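A.B. asks: Dropping the structure in here first, questions after.
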Amino acid sequence: MQWRGRRESGNIEDRRGMSGGTLAFGGIGGLIIAAIVYFLGGDPSQITQQDTAQQTQSGYQDPDDPNDTLKQYMDVVLTSANEVWADQFNKMGRQYTDPTLVLFTGQTQAGCGMASSATGPFYCPADQKVYIDLSFFNELTNRFGAEKGDFAMAYVLAHELGHHVQHLLGITDKVDAMRQRLSETGYNKLSVKLELQADFLAGVWAHYNQSYLERGDIEEALSAASAVGDDRLQKAAQGRVVPDAFTHGTSQQRMYWFKKGYQTGDISQGDTFNDPSLN
């Protein structure tokens with residue numbers, strides 16, 4: 001993606017080099033950890049301690065380094081996404097609030113609990129912040145098998161910002177309110193629809209940034225979406241697939257909804273909750 005010279009917001013909390021706390025599950029990377037714990041009986045504290053130590057070593061950069069290009073790149077993606085969603089909310093007669101991006105290494109305190117490198121990027125509605133340990137992008141390629149490329153990173157951030165959009169629209173609260181009334185399997189199905197809609201919203205952002213895209217960018221995003229599909233992660237963790245345990249959607253579904261958002265750019269076409277194919 002062409003990003004150099006584009007506007008940056010500076011709406012970033014850089015906590016890299018500071019860590020501490022305990023494990024909290026959630027986010028894209030947490031799928032593989034949760035699968036290992038649930039299906040293989042692993043000890044999550046041992047897994048996260050090992051991952052945190054490895055990722056802290058590989059992911060740290062001096063926050064004051066003027067050549068910290070990855071931070072600058074993420075700021076450009078954040079800023080462009082905020083511009084897209086502010087415009088879309090204005091068309092709906094709504095007010096959009098910019099979220100904050102928190103960069104960290106190891107672990108850090110979030111409004112929803114502790115954020116850990118091992119759980120991967122996630123959005124916390126309580127403080128309206130996205131938490132990312134930048135070393136996750138090495139994991140995305142080396143562990144999950146996504147194609148290398150900067151647009152895979154943009155997809156991940158755009159997906160988490162999609163959750164911010166859902167929060168502002170009241171969708172997240174509606175899903176959370178149904179948790180106590182549904183079985184685990186029933187709630188998992190709702191979670192899948194919520195995550196696929198976030199993939200769709202990431203695609204909508206990409207649609208409105210087409211003039212900055214380069215050859216292979218969309219393929220990089222689709223590869224990242226495929227790499228973190230529930231079926232692929234479960235297969236890697238336990239050698240078999242358990243659809244009732246899906247919480248984010250299959251690789252095919254994640255690619256489909258991102259691509260639909262990218263092709264249409266129409267937020268009204270992202271109603272995953274009433275899509276017959278997801279029932």
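Letters A, B, ... mark the chains of the structure tokens in the order given; residue numbers begin at 1 per chain; ligand numbers begin at 1, in order shown.
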Env of A:Val84: 9 Å cut, atoms = only C-alpha atoms, seq-sep filter 2 positions within chain, self excluded. Answer as a PyMOL selection string.

C.D. replies: chain A and resi 79-82+86-89+204-205+208-209

A.B. asks: Please dump the current selection as a PDB file, in the first residue's frame; keep N, CA, C and O atoms.

C.D. replies:
```pdb
ATOM      1  N   THR A  79      -5.435   6.385  10.713  1.00  0.00           N
ATOM      2  CA  THR A  79      -5.961   7.686  10.307  1.00  0.00           C
ATOM      3  C   THR A  79      -6.893   7.563   9.110  1.00  0.00           C
ATOM      4  O   THR A  79      -7.977   8.170   9.085  1.00  0.00           O
ATOM      5  N   SER A  80      -6.502   6.777   8.113  1.00  0.00           N
ATOM      6  CA  SER A  80      -7.338   6.627   6.925  1.00  0.00           C
ATOM      7  C   SER A  80      -8.641   5.928   7.265  1.00  0.00           C
ATOM      8  O   SER A  80      -9.705   6.266   6.723  1.00  0.00           O
ATOM      9  N   ALA A  81      -8.594   4.942   8.167  1.00  0.00           N
ATOM     10  CA  ALA A  81      -9.818   4.252   8.585  1.00  0.00           C
ATOM     11  C   ALA A  81     -10.750   5.210   9.325  1.00  0.00           C
ATOM     12  O   ALA A  81     -11.968   5.211   9.098  1.00  0.00           O
ATOM     13  N   ASN A  82     -10.195   6.026  10.190  1.00  0.00           N
ATOM     14  CA  ASN A  82     -11.019   6.996  10.912  1.00  0.00           C
ATOM     15  C   ASN A  82     -11.681   7.981   9.950  1.00  0.00           C
ATOM     16  O   ASN A  82     -12.833   8.383  10.157  1.00  0.00           O
ATOM     17  N   ALA A  86     -15.662   8.199   9.742  1.00  0.00           N
ATOM     18  CA  ALA A  86     -16.280   9.484  10.068  1.00  0.00           C
ATOM     19  C   ALA A  86     -17.215   9.909   8.939  1.00  0.00           C
ATOM     20  O   ALA A  86     -18.332  10.411   9.189  1.00  0.00           O
ATOM     21  N   ASP A  87     -16.786   9.691   7.706  1.00  0.00           N
ATOM     22  CA  ASP A  87     -17.620  10.027   6.546  1.00  0.00           C
ATOM     23  C   ASP A  87     -18.855   9.137   6.481  1.00  0.00           C
ATOM     24  O   ASP A  87     -19.968   9.624   6.230  1.00  0.00           O
ATOM     25  N   GLN A  88     -18.689   7.840   6.696  1.00  0.00           N
ATOM     26  CA  GLN A  88     -19.823   6.911   6.654  1.00  0.00           C
ATOM     27  C   GLN A  88     -20.824   7.218   7.770  1.00  0.00           C
ATOM     28  O   GLN A  88     -22.041   7.184   7.544  1.00  0.00           O
ATOM     29  N   PHE A  89     -20.332   7.517   8.971  1.00  0.00           N
ATOM     30  CA  PHE A  89     -21.235   7.843  10.081  1.00  0.00           C
ATOM     31  C   PHE A  89     -21.973   9.146   9.801  1.00  0.00           C
ATOM     32  O   PHE A  89     -23.161   9.281  10.130  1.00  0.00           O
ATOM     33  N   VAL A 204     -14.643  -2.772   3.584  1.00  0.00           N
ATOM     34  CA  VAL A 204     -15.207  -1.464   3.226  1.00  0.00           C
ATOM     35  C   VAL A 204     -14.130  -0.392   3.303  1.00  0.00           C
ATOM     36  O   VAL A 204     -14.014   0.464   2.419  1.00  0.00           O
ATOM     37  N   TRP A 205     -13.317  -0.441   4.365  1.00  0.00           N
ATOM     38  CA  TRP A 205     -12.212   0.517   4.456  1.00  0.00           C
ATOM     39  C   TRP A 205     -11.286   0.395   3.248  1.00  0.00           C
ATOM     40  O   TRP A 205     -10.883   1.398   2.647  1.00  0.00           O
ATOM     41  N   TYR A 208     -12.480   2.101   0.044  1.00  0.00           N
ATOM     42  CA  TYR A 208     -12.313   3.549  -0.039  1.00  0.00           C
ATOM     43  C   TYR A 208     -10.846   3.974  -0.033  1.00  0.00           C
ATOM     44  O   TYR A 208     -10.548   5.177  -0.004  1.00  0.00           O
ATOM     45  N   ASN A 209      -9.945   3.006  -0.083  1.00  0.00           N
ATOM     46  CA  ASN A 209      -8.513   3.295  -0.195  1.00  0.00           C
ATOM     47  C   ASN A 209      -7.910   2.663  -1.443  1.00  0.00           C
ATOM     48  O   ASN A 209      -6.696   2.475  -1.517  1.00  0.00           O
TER      49      ASN A 209
END
```

A.B. asks: Please determine, counting only C-alpha atoms, which residue among A:Lys129, A:His159, A:Arg4, A:Arg15 has the shortest atom-to-atom distance to A:Phe200.

C.D. replies: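 Smallest separation from A:Phe200 among the options: A:His159.
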
A.B. asks: How many Å lie between atom CA of A:Val77 and atom CA of A:Pro125, rounded to one decimal?

C.D. replies: 19.6 Å

A.B. asks: Using only C-alpha atoms, which of A:Arg16, A:Lys91, A:Lys71, A:Arg254 sits nearest A:Leu196?

C.D. replies: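 Of A:Arg16, A:Lys91, A:Lys71, A:Arg254, the one nearest A:Leu196, counting only C-alpha atoms, is A:Arg254.
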